[in-house]
$ cat query_10.cif   # mmCIF, C-alpha atoms
data_protein
#
loop_
_atom_site.label_atom_id
_atom_site.label_comp_id
_atom_site.auth_asym_id
_atom_site.auth_seq_id
_atom_site.Cartn_x
_atom_site.Cartn_y
_atom_site.Cartn_z
CA MET Z 1 -4.17 10.28 13.09
CA SER Z 2 -0.51 9.46 12.44
CA GLN Z 3 1.70 11.67 10.26
CA THR Z 4 1.67 8.96 7.59
CA ASP Z 5 -2.13 8.79 7.58
CA LEU Z 6 -2.36 12.58 7.50
CA TRP Z 7 0.01 12.76 4.52
CA ARG Z 8 -1.90 10.08 2.60
CA SER Z 9 -5.19 11.86 3.25
CA LEU Z 10 -3.76 15.16 2.01
CA PHE Z 11 -2.08 13.43 -0.91
CA MET Z 12 -5.32 11.85 -2.15
CA SER Z 13 -7.66 14.81 -1.57
CA SER Z 14 -5.57 17.85 -2.50
CA ARG Z 15 -6.65 19.89 -5.52
CA ASP Z 16 -2.96 20.68 -6.06
CA GLY Z 17 -1.02 18.16 -8.09
CA LEU Z 18 1.17 16.16 -5.67
CA PHE Z 19 3.78 13.59 -6.58
CA GLU Z 20 6.74 11.67 -5.17
CA LEU Z 21 10.04 11.43 -7.04
CA ALA Z 22 12.99 9.05 -6.78
CA ALA Z 23 16.46 10.64 -6.64
CA ASP Z 24 16.90 10.07 -10.38
CA GLY Z 25 13.67 11.87 -11.31
CA ARG Z 26 11.38 8.84 -11.74
CA LEU Z 27 7.83 9.20 -10.45
CA LEU Z 28 7.09 6.95 -7.46
CA ASP Z 29 3.50 8.08 -6.97
CA VAL Z 30 1.06 10.76 -8.19
CA ASN Z 31 -2.19 11.94 -6.65
CA PRO Z 32 -5.58 11.96 -8.45
CA THR Z 33 -5.30 15.66 -9.36
CA PHE Z 34 -1.92 15.22 -11.06
CA ARG Z 35 -3.18 12.12 -12.92
CA GLU Z 36 -6.22 14.11 -14.07
CA TRP Z 37 -3.97 16.82 -15.49
CA LEU Z 38 -1.87 14.26 -17.33
CA GLY Z 39 -4.92 12.35 -18.52
CA GLN Z 40 -3.08 9.13 -17.67
CA PRO Z 41 -3.90 6.21 -15.38
CA ARG Z 42 -1.56 5.62 -12.44
CA GLU Z 43 0.03 2.60 -14.07
CA ALA Z 44 1.10 4.75 -17.05
CA VAL Z 45 3.04 7.09 -14.77
CA ILE Z 46 4.73 5.09 -12.02
CA GLY Z 47 8.39 4.41 -12.75
CA ARG Z 48 8.54 6.93 -15.62
CA PRO Z 49 10.69 10.08 -15.48
CA LEU Z 50 8.80 13.29 -14.71
CA ALA Z 51 10.52 14.75 -17.77
CA LYS Z 52 8.52 12.33 -19.97
CA PHE Z 53 5.36 14.28 -19.11
CA ALA Z 54 6.74 17.81 -18.82
CA ILE Z 55 8.67 20.42 -20.79
CA CYS Z 56 11.22 22.27 -18.66
CA PRO Z 57 14.84 22.62 -19.79
CA THR Z 58 16.02 23.47 -16.26
CA LEU Z 59 14.38 20.56 -14.43
CA GLU Z 60 17.57 18.50 -14.48
CA VAL Z 61 19.22 21.03 -12.14
CA TRP Z 62 17.15 19.48 -9.34
CA LEU Z 63 18.42 15.93 -9.76
CA GLY Z 64 20.73 15.04 -6.91
CA THR Z 65 21.05 18.64 -5.70
CA ALA Z 66 18.66 20.75 -3.63
CA ASP Z 67 15.06 21.96 -3.59
CA TRP Z 68 13.73 23.48 -6.79
CA THR Z 69 10.97 25.91 -7.73
CA GLY Z 70 9.91 26.86 -11.23
CA PHE Z 71 7.37 26.24 -13.97
CA LEU Z 72 6.51 23.15 -15.99
CA ARG Z 73 4.47 22.71 -19.12
CA LEU Z 74 2.77 19.38 -18.62
CA GLN Z 75 2.10 17.29 -21.73
CA GLY Z 76 -1.36 15.89 -20.97
CA ARG Z 77 -3.50 13.78 -23.27
CA ARG Z 78 -5.90 16.71 -23.60
CA GLY Z 79 -3.20 19.24 -24.37
CA GLU Z 80 -0.61 21.27 -22.50
CA ARG Z 81 -1.04 22.75 -19.03
CA LEU Z 82 1.26 25.34 -17.44
CA VAL Z 83 1.83 24.82 -13.72
CA SER Z 84 4.04 26.28 -11.03
CA ILE Z 85 6.01 23.63 -9.22
CA THR Z 86 8.07 23.16 -6.06
CA ILE Z 87 10.18 20.05 -5.44
CA THR Z 88 11.44 19.39 -1.91
CA GLU Z 89 13.87 16.63 -1.02
CA VAL Z 90 13.06 14.19 1.77
CA ARG Z 91 16.32 13.35 3.48
CA SER Z 92 17.43 10.27 5.37
CA ARG Z 93 19.84 10.58 8.28
CA ASP Z 94 21.81 7.55 7.12
CA TYR Z 95 21.50 7.54 3.37
CA GLY Z 96 21.02 11.12 2.26
CA PRO Z 97 18.18 12.18 -0.08
CA VAL Z 98 16.01 9.19 -0.94
CA ARG Z 99 13.08 10.85 -2.63
CA ALA Z 100 11.37 14.19 -3.13
CA ILE Z 101 7.88 15.59 -2.81
CA GLY Z 102 6.53 17.80 -5.59
CA VAL Z 103 3.67 20.28 -5.41
CA ALA Z 104 2.22 21.61 -8.67
CA ARG Z 105 -0.35 24.42 -8.85
CA ASP Z 106 -2.49 25.13 -11.86
CA LEU Z 107 -2.10 28.45 -13.66
CA PRO Z 108 -4.96 30.21 -15.48
CA GLN Z 109 -3.98 29.09 -19.00
CA SER Z 110 -5.84 26.06 -20.36
CA MET Z 111 -6.22 24.36 -23.73
CA PRO Z 112 -9.64 24.46 -25.46
CA VAL Z 113 -11.46 21.11 -25.85
CA ASP Z 114 -14.83 19.94 -27.06
CA GLU Z 115 -16.38 19.83 -23.58
CA GLN Z 116 -19.46 17.78 -24.43
CA LEU Z 117 -17.55 15.07 -26.33
CA GLN Z 118 -14.83 14.94 -23.71
CA GLN Z 119 -17.42 14.56 -20.96
CA LYS Z 120 -18.90 11.49 -22.67
CA VAL Z 121 -15.43 9.96 -23.14
CA ASP Z 122 -14.64 10.59 -19.48
CA GLU Z 123 -17.93 9.03 -18.38
CA LEU Z 124 -17.27 5.83 -20.36
CA ASP Z 125 -13.71 5.65 -19.11
CA THR Z 126 -14.82 6.14 -15.51
CA THR Z 127 -17.55 3.52 -15.87
CA GLN Z 128 -15.02 0.98 -17.14
CA LEU Z 129 -12.57 1.72 -14.33
CA VAL Z 130 -15.22 1.58 -11.59
CA THR Z 131 -16.57 -1.70 -12.97
CA ILE Z 132 -13.13 -3.29 -13.01
CA ASN Z 133 -12.19 -2.07 -9.54
CA THR Z 134 -15.53 -3.17 -8.09
CA LEU Z 135 -15.10 -6.69 -9.47
CA ALA Z 136 -11.52 -6.79 -8.18
CA LYS Z 137 -12.82 -6.01 -4.68
CA LEU Z 138 -14.57 -9.40 -4.73
CA ALA Z 139 -11.21 -11.14 -4.71
CA GLU Z 140 -9.70 -8.70 -2.21
CA PHE Z 141 -12.60 -9.20 0.21
CA HIS Z 142 -12.20 -12.98 0.11
CA ASP Z 143 -8.39 -12.91 0.17
CA PRO Z 144 -7.13 -9.64 1.77
CA ASP Z 145 -3.54 -10.80 1.19
CA ILE Z 146 -3.79 -9.91 -2.52
CA ALA Z 147 -4.86 -6.23 -2.25
CA GLY Z 148 -1.36 -4.85 -2.89
CA HIS Z 149 -0.68 -7.71 -5.29
CA LEU Z 150 -3.44 -6.58 -7.65
CA GLU Z 151 -2.12 -3.02 -7.91
CA ARG Z 152 1.44 -4.17 -8.45
CA VAL Z 153 0.37 -6.63 -11.16
CA ARG Z 154 -1.48 -3.76 -12.86
CA LEU Z 155 1.70 -1.67 -12.90
CA TYR Z 156 3.94 -4.53 -14.04
CA THR Z 157 1.47 -5.42 -16.80
CA PHE Z 158 1.42 -1.86 -18.07
CA SER Z 159 5.20 -1.84 -18.23
CA LEU Z 160 5.34 -5.08 -20.23
CA ALA Z 161 2.47 -4.23 -22.58
CA GLY Z 162 3.77 -0.72 -23.14
CA TRP Z 163 7.18 -1.99 -24.23
CA LEU Z 164 5.65 -4.57 -26.56
CA ALA Z 165 3.41 -1.87 -28.07
CA GLU Z 166 6.45 0.30 -28.74
CA GLN Z 167 8.05 -2.54 -30.69
CA GLY Z 168 4.95 -2.67 -32.91
CA LYS Z 169 5.31 -6.26 -34.09
CA GLY Z 170 2.48 -8.67 -34.97
CA GLU Z 171 -0.15 -9.31 -32.32
CA ALA Z 172 1.88 -7.29 -29.82
CA ALA Z 173 1.37 -4.10 -31.85
CA LEU Z 174 -1.04 -2.80 -29.23
CA THR Z 175 -2.54 0.67 -29.29
CA GLU Z 176 -2.24 3.00 -26.32
CA THR Z 177 -5.89 2.36 -25.45
CA GLN Z 178 -5.37 -1.41 -25.57
CA VAL Z 179 -2.33 -1.16 -23.30
CA ILE Z 180 -4.27 0.82 -20.70
CA GLU Z 181 -7.27 -1.53 -20.93
CA LEU Z 182 -5.04 -4.59 -20.59
CA ALA Z 183 -3.34 -3.17 -17.50
CA ARG Z 184 -6.67 -2.30 -15.91
CA CYS Z 185 -8.11 -5.74 -16.60
CA ALA Z 186 -5.02 -7.39 -15.10
CA VAL Z 187 -6.41 -6.75 -11.60
CA LEU Z 188 -9.20 -9.22 -12.36
CA HIS Z 189 -6.88 -12.17 -12.94
CA ASP Z 190 -7.66 -13.67 -9.53
CA VAL Z 191 -11.36 -12.77 -9.27
CA GLY Z 192 -12.15 -16.49 -9.40
CA LYS Z 193 -10.59 -16.95 -5.96
CA VAL Z 194 -13.98 -16.03 -4.48
CA ALA Z 195 -14.86 -19.66 -5.24
CA VAL Z 196 -11.87 -21.06 -3.34
CA PRO Z 197 -12.30 -21.82 0.40
CA GLU Z 198 -10.43 -19.48 2.73
CA ARG Z 199 -8.81 -22.45 4.45
CA VAL Z 200 -7.02 -23.12 1.17
CA LEU Z 201 -6.17 -19.51 0.34
CA GLN Z 202 -4.76 -18.79 3.78
CA LYS Z 203 -3.08 -22.12 4.52
CA PRO Z 204 0.42 -21.38 5.93
CA GLY Z 205 2.12 -24.27 4.17
CA ARG Z 206 2.17 -26.47 1.09
CA LEU Z 207 -1.22 -27.45 -0.30
CA ASN Z 208 -2.08 -31.13 -0.47
CA PRO Z 209 -3.28 -32.56 -3.83
CA GLU Z 210 -6.96 -32.02 -3.01
CA GLU Z 211 -6.37 -28.42 -1.91
CA TRP Z 212 -4.25 -27.77 -5.00
CA GLU Z 213 -7.07 -28.92 -7.27
CA LEU Z 214 -9.43 -26.54 -5.43
CA MET Z 215 -6.95 -23.68 -5.86
CA LYS Z 216 -6.68 -24.33 -9.60
CA THR Z 217 -10.46 -23.92 -10.06
CA HIS Z 218 -10.10 -20.16 -9.60
CA ALA Z 219 -8.90 -19.76 -13.20
CA THR Z 220 -11.90 -21.53 -14.72
CA PHE Z 221 -14.41 -19.91 -12.39
CA GLY Z 222 -13.00 -16.41 -12.94
CA GLY Z 223 -12.82 -16.83 -16.70
CA GLU Z 224 -16.35 -18.18 -17.00
CA PHE Z 225 -17.77 -15.54 -14.66
CA LEU Z 226 -16.23 -12.69 -16.63
CA ALA Z 227 -17.11 -14.29 -19.99
CA GLY Z 228 -20.77 -14.40 -18.90
CA ALA Z 229 -20.71 -10.74 -17.91
CA ASP Z 230 -18.98 -9.94 -21.21
CA GLY Z 231 -21.73 -11.69 -23.18
CA GLU Z 232 -24.43 -9.66 -21.44
CA LEU Z 233 -22.56 -6.42 -22.05
CA GLN Z 234 -22.03 -7.27 -25.72
CA LYS Z 235 -25.80 -7.74 -26.14
CA LEU Z 236 -26.58 -4.43 -24.45
CA LEU Z 237 -24.06 -2.50 -26.54
CA GLY Z 238 -24.50 -4.44 -29.79
CA VAL Z 239 -20.78 -5.15 -30.14
CA SER Z 240 -18.67 -8.28 -30.61
CA SER Z 241 -16.30 -7.69 -27.69
CA THR Z 242 -15.80 -5.41 -24.68
CA PHE Z 243 -13.07 -4.78 -22.13
CA LEU Z 244 -14.47 -7.77 -20.23
CA SER Z 245 -13.42 -9.98 -23.16
CA THR Z 246 -9.82 -9.14 -22.29
CA ALA Z 247 -10.50 -9.62 -18.58
CA ALA Z 248 -12.05 -13.06 -19.18
CA ASP Z 249 -9.02 -14.22 -21.22
CA ILE Z 250 -6.66 -13.05 -18.49
CA ALA Z 251 -8.60 -14.72 -15.68
CA MET Z 252 -8.99 -18.01 -17.57
CA TYR Z 253 -5.49 -18.40 -19.03
CA HIS Z 254 -2.98 -16.55 -16.81
CA HIS Z 255 -1.80 -19.88 -15.35
CA GLU Z 256 -1.21 -21.51 -18.73
CA ARG Z 257 2.45 -22.10 -19.61
CA PHE Z 258 4.12 -21.44 -22.93
CA ASN Z 259 5.20 -25.10 -23.17
CA GLY Z 260 1.67 -26.39 -22.52
CA ASP Z 261 2.22 -27.55 -18.92
CA GLY Z 262 -0.14 -25.02 -17.33
CA TYR Z 263 -3.81 -25.07 -16.37
CA PRO Z 264 -6.82 -25.13 -16.80
CA ARG Z 265 -6.76 -26.02 -20.51
CA GLY Z 266 -3.13 -26.93 -21.19
CA PHE Z 267 -2.92 -24.34 -23.98
CA LYS Z 268 0.50 -23.90 -25.56
CA GLY Z 269 2.46 -21.06 -27.15
CA PHE Z 270 0.49 -18.51 -29.12
CA ASP Z 271 -2.78 -20.36 -28.50
CA ILE Z 272 -2.66 -18.62 -25.12
CA PRO Z 273 -4.13 -15.10 -25.54
CA LEU Z 274 -1.48 -12.38 -25.46
CA PRO Z 275 -3.00 -10.54 -22.45
CA ALA Z 276 -2.81 -13.76 -20.41
CA ARG Z 277 0.81 -14.38 -21.46
CA ILE Z 278 1.72 -10.88 -20.29
CA VAL Z 279 -0.14 -11.10 -16.98
CA ALA Z 280 1.36 -14.55 -16.35
CA LEU Z 281 4.82 -13.03 -16.01
CA ALA Z 282 3.64 -10.01 -14.02
CA ASP Z 283 1.72 -12.30 -11.65
CA VAL Z 284 4.62 -14.70 -11.08
CA TYR Z 285 7.13 -11.87 -10.56
CA ASP Z 286 4.97 -10.31 -7.87
CA ALA Z 287 4.18 -13.66 -6.26
CA LEU Z 288 7.90 -14.40 -6.03
CA THR Z 289 8.91 -10.99 -4.67
CA SER Z 290 6.06 -10.67 -2.17
CA VAL Z 291 5.57 -12.11 1.29
CA ARG Z 292 2.69 -14.57 1.48
CA VAL Z 293 1.31 -16.68 4.32
CA TYR Z 294 3.17 -19.65 2.82
CA LYS Z 295 6.48 -18.06 1.72
CA GLN Z 296 9.03 -15.32 2.23
CA ALA Z 297 9.81 -12.72 -0.43
CA TRP Z 298 12.43 -13.35 -3.09
CA THR Z 299 14.76 -10.56 -4.18
CA HIS Z 300 14.39 -8.90 -7.56
CA ALA Z 301 17.60 -10.60 -8.71
CA GLU Z 302 16.33 -14.05 -7.70
CA ALA Z 303 13.02 -13.50 -9.49
CA LYS Z 304 14.82 -12.23 -12.59
CA GLU Z 305 17.01 -15.34 -12.68
CA LEU Z 306 14.03 -17.68 -12.53
CA ILE Z 307 12.02 -15.75 -15.13
CA THR Z 308 14.98 -15.72 -17.52
CA LYS Z 309 15.45 -19.48 -17.13
CA GLU Z 310 11.75 -20.07 -17.77
CA GLN Z 311 11.50 -18.26 -21.13
CA GLY Z 312 10.10 -20.64 -23.68
CA ARG Z 313 8.88 -22.96 -20.92
CA HIS Z 314 6.66 -21.03 -18.52
CA PHE Z 315 6.82 -17.66 -20.29
CA ASP Z 316 6.52 -16.30 -23.82
CA PRO Z 317 10.07 -15.30 -24.87
CA GLN Z 318 8.87 -11.94 -26.21
CA VAL Z 319 7.27 -11.14 -22.84
CA VAL Z 320 10.54 -12.08 -21.10
CA ALA Z 321 12.30 -9.70 -23.48
CA ALA Z 322 9.87 -6.98 -22.41
CA PHE Z 323 10.61 -7.77 -18.76
CA LEU Z 324 14.37 -7.51 -19.27
CA ALA Z 325 13.96 -4.27 -21.23
CA THR Z 326 11.82 -2.70 -18.48
CA GLU Z 327 13.63 -4.26 -15.54
CA GLU Z 328 14.44 -0.85 -14.08
CA ILE Z 329 10.72 0.02 -13.90
CA PHE Z 330 9.98 -3.32 -12.25
CA GLY Z 331 12.71 -2.58 -9.74
CA SER Z 332 11.26 0.86 -9.00
CA ILE Z 333 7.80 -0.57 -8.34
CA TYR Z 334 9.27 -3.42 -6.30
CA GLU Z 335 11.32 -1.08 -4.10
CA SER Z 336 8.54 1.45 -3.54
CA MET Z 337 5.76 -1.04 -2.72
CA GLN Z 338 7.40 -3.94 -0.86
CA SER Z 339 7.37 -4.61 2.86
CA ALA Z 340 9.90 -6.87 4.54
CA VAL Z 341 8.59 -9.75 6.66
CA ASP Z 342 10.31 -13.09 7.25
CA LEU Z 343 8.14 -16.15 6.76
CA PRO Z 344 9.08 -19.76 5.93
CA LEU Z 345 9.76 -20.36 2.26
CA VAL Z 346 7.48 -22.85 0.53
CA GLU Z 347 8.05 -23.14 -3.20
CA GLN Z 348 4.48 -23.59 -4.42
CA ALA Z 349 3.18 -20.77 -6.62
CA ARG Z 350 -0.52 -20.13 -6.27
#

$ encode --input "query_10.cif" --output "structure tokens"
Amino acid sequence: MSQTDLWRSLFMSSRDGLFELAADGRLLDVNPTFREWLGQPREAVIGRPLAKFAICPTLEVWLGTADWTGFLRLQGRRGERLVSITITEVRSRDYGPVRAIGVARDLPQSMPVDEQLQQKVDELDTTQLVTINTLAKLAEFHDPDIAGHLERVRLYTFSLAGWLAEQGKGEAALTETQVIELARCAVLHDVGKVAVPERVLQKPGRLNPEEWELMKTHATFGGEFLAGADGELQKLLGVSSTFLSTAADIAMYHHERFNGDGYPRGFKGFDIPLPARIVALADVYDALTSVRVYKQAWTHAEAKELITKEQGRHFDPQVVAAFLATEEIFGSIYESMQSAVDLPLVEQAR
């Protein structure tokens, strides 16, 4: 087992809270234990400052200096948790400190909760997350190229939706629960690609008209598939909508354009559901900045230029505003999750 594999295994399985920090104190990654303590999904944490989730007046002494040991009072969704913490810089021979590894250990103090009620909430939340991730695996299995794409789109979507929720205006006045649900459902935007032949998905070049029409069917197939599952779940629960309602809207309409030139329905403006308008930008940004079998990766600056030019045409202007306001978070995710490979550039978004 390589050192990298060993670290990832330890990172994911440790009962200590482990995390990676950028030099400016932003969280690059957190392990399941640390997320459990915070009561937050991964997409709510990545790119945010550690100080957003912790009370410690002396934490800033670490930034840009040396290793640090002390105590933090984490601000979790279930209350506060006191932990001991050690932050160790990871140094680069050429560029100096590039990130840091943090280890947090739980202390005996804990906040009282209604255990039975909390258990039921946790069970429902886990069921939703497992359902979403299982469905997303369908697309990953058929098109392995999109595995990292799905996780990045989840994180980008959370950033956009979170900013819009903070503005609290009109339909974009989302609750915290809606933001998390929207980000989770974003990974299902391409589930319909299970109906697209692999020869089309993996073609290393521009699609011909027939292949392009086959590719476009993934939106309709994914939307209808999830809408059917949503209908069954609504009947079982006796409700008018579920999290799959959001997922179905995203899958069906994430390729619609704000000016009406998209597919599959040619919807325009605010007729396109808000979750789909948000995921549309997150999806395009990641498609542009990622290496695919048919294109090389664009830089963040190049993607930003295109997205800015396309506001009001491809993208909802308020979602572009959210992108520009959270550009630093996008950049953090982009830098921490990209790999550099040179492939021929073919300008045909899929």

$ residues_around --input "query_10.cif" --residues "Phe323 of chain Z" --least-positions-apart "5" --cutoff "9 Å" --atoms "only C-alpha atoms" --output "count of residues only"
10

$ resolve_selection --input "query_10.cif" --expression "the PyMOL selection byres ((chain Z and resi 270) around 12)" --output "PDB file with C-alpha atoms, in the coordinates of the input"
ATOM      1  CA  GLY Z 170       2.480  -8.670 -34.970  1.00  0.00           C
ATOM      2  CA  GLU Z 171      -0.150  -9.310 -32.320  1.00  0.00           C
ATOM      3  CA  ALA Z 172       1.880  -7.290 -29.820  1.00  0.00           C
ATOM      4  CA  TYR Z 253      -5.490 -18.400 -19.030  1.00  0.00           C
ATOM      5  CA  GLU Z 256      -1.210 -21.510 -18.730  1.00  0.00           C
ATOM      6  CA  ARG Z 257       2.450 -22.100 -19.610  1.00  0.00           C
ATOM      7  CA  PHE Z 258       4.120 -21.440 -22.930  1.00  0.00           C
ATOM      8  CA  ASN Z 259       5.200 -25.100 -23.170  1.00  0.00           C
ATOM      9  CA  GLY Z 260       1.670 -26.390 -22.520  1.00  0.00           C
ATOM     10  CA  PHE Z 267      -2.920 -24.340 -23.980  1.00  0.00           C
ATOM     11  CA  LYS Z 268       0.500 -23.900 -25.560  1.00  0.00           C
ATOM     12  CA  GLY Z 269       2.460 -21.060 -27.150  1.00  0.00           C
ATOM     13  CA  ASP Z 271      -2.780 -20.360 -28.500  1.00  0.00           C
ATOM     14  CA  ILE Z 272      -2.660 -18.620 -25.120  1.00  0.00           C
ATOM     15  CA  PRO Z 273      -4.130 -15.100 -25.540  1.00  0.00           C
ATOM     16  CA  LEU Z 274      -1.480 -12.380 -25.460  1.00  0.00           C
ATOM     17  CA  PRO Z 275      -3.000 -10.540 -22.450  1.00  0.00           C
ATOM     18  CA  ALA Z 276      -2.810 -13.760 -20.410  1.00  0.00           C
ATOM     19  CA  ARG Z 277       0.810 -14.380 -21.460  1.00  0.00           C
ATOM     20  CA  ILE Z 278       1.720 -10.880 -20.290  1.00  0.00           C
ATOM     21  CA  GLY Z 312      10.100 -20.640 -23.680  1.00  0.00           C
ATOM     22  CA  PHE Z 315       6.820 -17.660 -20.290  1.00  0.00           C
ATOM     23  CA  ASP Z 316       6.520 -16.300 -23.820  1.00  0.00           C
ATOM     24  CA  PRO Z 317      10.070 -15.300 -24.870  1.00  0.00           C
ATOM     25  CA  GLN Z 318       8.870 -11.940 -26.210  1.00  0.00           C
ATOM     26  CA  VAL Z 319       7.270 -11.140 -22.840  1.00  0.00           C
TER      27      VAL Z 319
END

$ resolve_selection --input "query_10.cif" --expression "the PyMOL selection byres ((chain Z and resi 150) around 9)" --output "number ranges by chain"
Z: 136, 140, 146-149, 151-155, 186-190, 283

$ resolve_selection --input "query_10.cif" --expression "the PyMOL selection byres ((chain Z and resi 46) around 8)" --output "list in words"
Arg26, Leu27, Leu28, Asp29, Val30, Arg42, Glu43, Ala44, Val45, Gly47, Arg48, Leu155 and Ile333 of chain Z

$ write_last_selection --input "query_10.cif" --atoms "C-alpha atoms" --output "tab-separated table (two decimals), keeping the file's coordinate frame"
chain	number	residue	atom	x	y	z
Z	26	ARG	CA	11.38	8.84	-11.74
Z	27	LEU	CA	7.83	9.20	-10.45
Z	28	LEU	CA	7.09	6.95	-7.46
Z	29	ASP	CA	3.50	8.08	-6.97
Z	30	VAL	CA	1.06	10.76	-8.19
Z	42	ARG	CA	-1.56	5.62	-12.44
Z	43	GLU	CA	0.03	2.60	-14.07
Z	44	ALA	CA	1.10	4.75	-17.05
Z	45	VAL	CA	3.04	7.09	-14.77
Z	47	GLY	CA	8.39	4.41	-12.75
Z	48	ARG	CA	8.54	6.93	-15.62
Z	155	LEU	CA	1.70	-1.67	-12.90
Z	333	ILE	CA	7.80	-0.57	-8.34

$ axis_aligned_box --input "query_10.cif" --around "segment 13-18 of chain Z" --padding-each-side "8 Å" --output "JSON"
{"center_x": -3.2, "center_y": 17.7, "center_z": -4.8, "size_x": 24.8, "size_y": 21.9, "size_z": 22.5}

$ residues_around --input "query_10.cif" --residues "Glu36 of chain Z" --least-positions-apart "3" --cutoff "10 Å" --atoms "all atoms listed in the file" --output "list in words"
Gly17, Val30, Asn31, Pro32, Thr33, Gly39, Gln40, Pro41, Arg42, Gly76, Arg77 and Arg78 of chain Z

$ write_last_selection --input "query_10.cif" --atoms "C-alpha atoms" --output "short mmCIF file (atom, residue, chain, number, x, y, z; two decimals), in the coordinates of the input"
data_model
loop_
_atom_site.label_atom_id
_atom_site.label_comp_id
_atom_site.auth_asym_id
_atom_site.auth_seq_id
_atom_site.Cartn_x
_atom_site.Cartn_y
_atom_site.Cartn_z
CA GLY Z 17 -1.02 18.16 -8.09
CA VAL Z 30 1.06 10.76 -8.19
CA ASN Z 31 -2.19 11.94 -6.65
CA PRO Z 32 -5.58 11.96 -8.45
CA THR Z 33 -5.30 15.66 -9.36
CA GLY Z 39 -4.92 12.35 -18.52
CA GLN Z 40 -3.08 9.13 -17.67
CA PRO Z 41 -3.90 6.21 -15.38
CA ARG Z 42 -1.56 5.62 -12.44
CA GLY Z 76 -1.36 15.89 -20.97
CA ARG Z 77 -3.50 13.78 -23.27
CA ARG Z 78 -5.90 16.71 -23.60
#

$ decode --input "query_10.cif" --residues "segment 172-184 of chain Z" --atoms "N, CA and C atoms" --output "mmCIF file, in the first residue's frame"
data_model
loop_
_atom_site.group_PDB
_atom_site.id
_atom_site.type_symbol
_atom_site.label_atom_id
_atom_site.label_comp_id
_atom_site.auth_asym_id
_atom_site.auth_seq_id
_atom_site.Cartn_x
_atom_site.Cartn_y
_atom_site.Cartn_z
ATOM 1 N N ALA Z 172 -35.235 32.396 -4.226
ATOM 2 C CA ALA Z 172 -33.898 31.990 -3.798
ATOM 3 C C ALA Z 172 -33.717 32.067 -2.287
ATOM 4 N N ALA Z 173 -34.784 32.408 -1.554
ATOM 5 C CA ALA Z 173 -34.703 32.457 -0.091
ATOM 6 C C ALA Z 173 -34.803 31.031 0.459
ATOM 7 N N LEU Z 174 -33.777 30.252 0.186
ATOM 8 C CA LEU Z 174 -33.767 28.845 0.574
ATOM 9 C C LEU Z 174 -33.426 28.684 2.051
ATOM 10 N N THR Z 175 -33.968 27.651 2.665
ATOM 11 C CA THR Z 175 -33.598 27.321 4.032
ATOM 12 C C THR Z 175 -32.302 26.513 4.021
ATOM 13 N N GLU Z 176 -31.698 26.359 5.175
ATOM 14 C CA GLU Z 176 -30.469 25.567 5.273
ATOM 15 C C GLU Z 176 -30.713 24.131 4.808
ATOM 16 N N THR Z 177 -31.853 23.568 5.208
ATOM 17 C CA THR Z 177 -32.178 22.201 4.801
ATOM 18 C C THR Z 177 -32.339 22.099 3.294
ATOM 19 N N GLN Z 178 -32.968 23.085 2.675
ATOM 20 C CA GLN Z 178 -33.148 23.074 1.224
ATOM 21 C C GLN Z 178 -31.812 23.192 0.488
ATOM 22 N N VAL Z 179 -30.912 23.987 1.026
ATOM 23 C CA VAL Z 179 -29.592 24.137 0.407
ATOM 24 C C VAL Z 179 -28.849 22.807 0.415
ATOM 25 N N ILE Z 180 -28.869 22.132 1.562
ATOM 26 C CA ILE Z 180 -28.176 20.846 1.675
ATOM 27 C C ILE Z 180 -28.817 19.815 0.748
ATOM 28 N N GLU Z 181 -30.147 19.781 0.727
ATOM 29 C CA GLU Z 181 -30.855 18.826 -0.134
ATOM 30 C C GLU Z 181 -30.552 19.099 -1.602
ATOM 31 N N LEU Z 182 -30.536 20.369 -1.997
ATOM 32 C CA LEU Z 182 -30.258 20.722 -3.377
ATOM 33 C C LEU Z 182 -28.856 20.263 -3.774
ATOM 34 N N ALA Z 183 -27.886 20.506 -2.893
ATOM 35 C CA ALA Z 183 -26.510 20.108 -3.194
ATOM 36 C C ALA Z 183 -26.383 18.590 -3.303
ATOM 37 N N ARG Z 184 -27.056 17.884 -2.432
ATOM 38 C CA ARG Z 184 -27.012 16.420 -2.498
ATOM 39 C C ARG Z 184 -27.619 15.918 -3.804
#
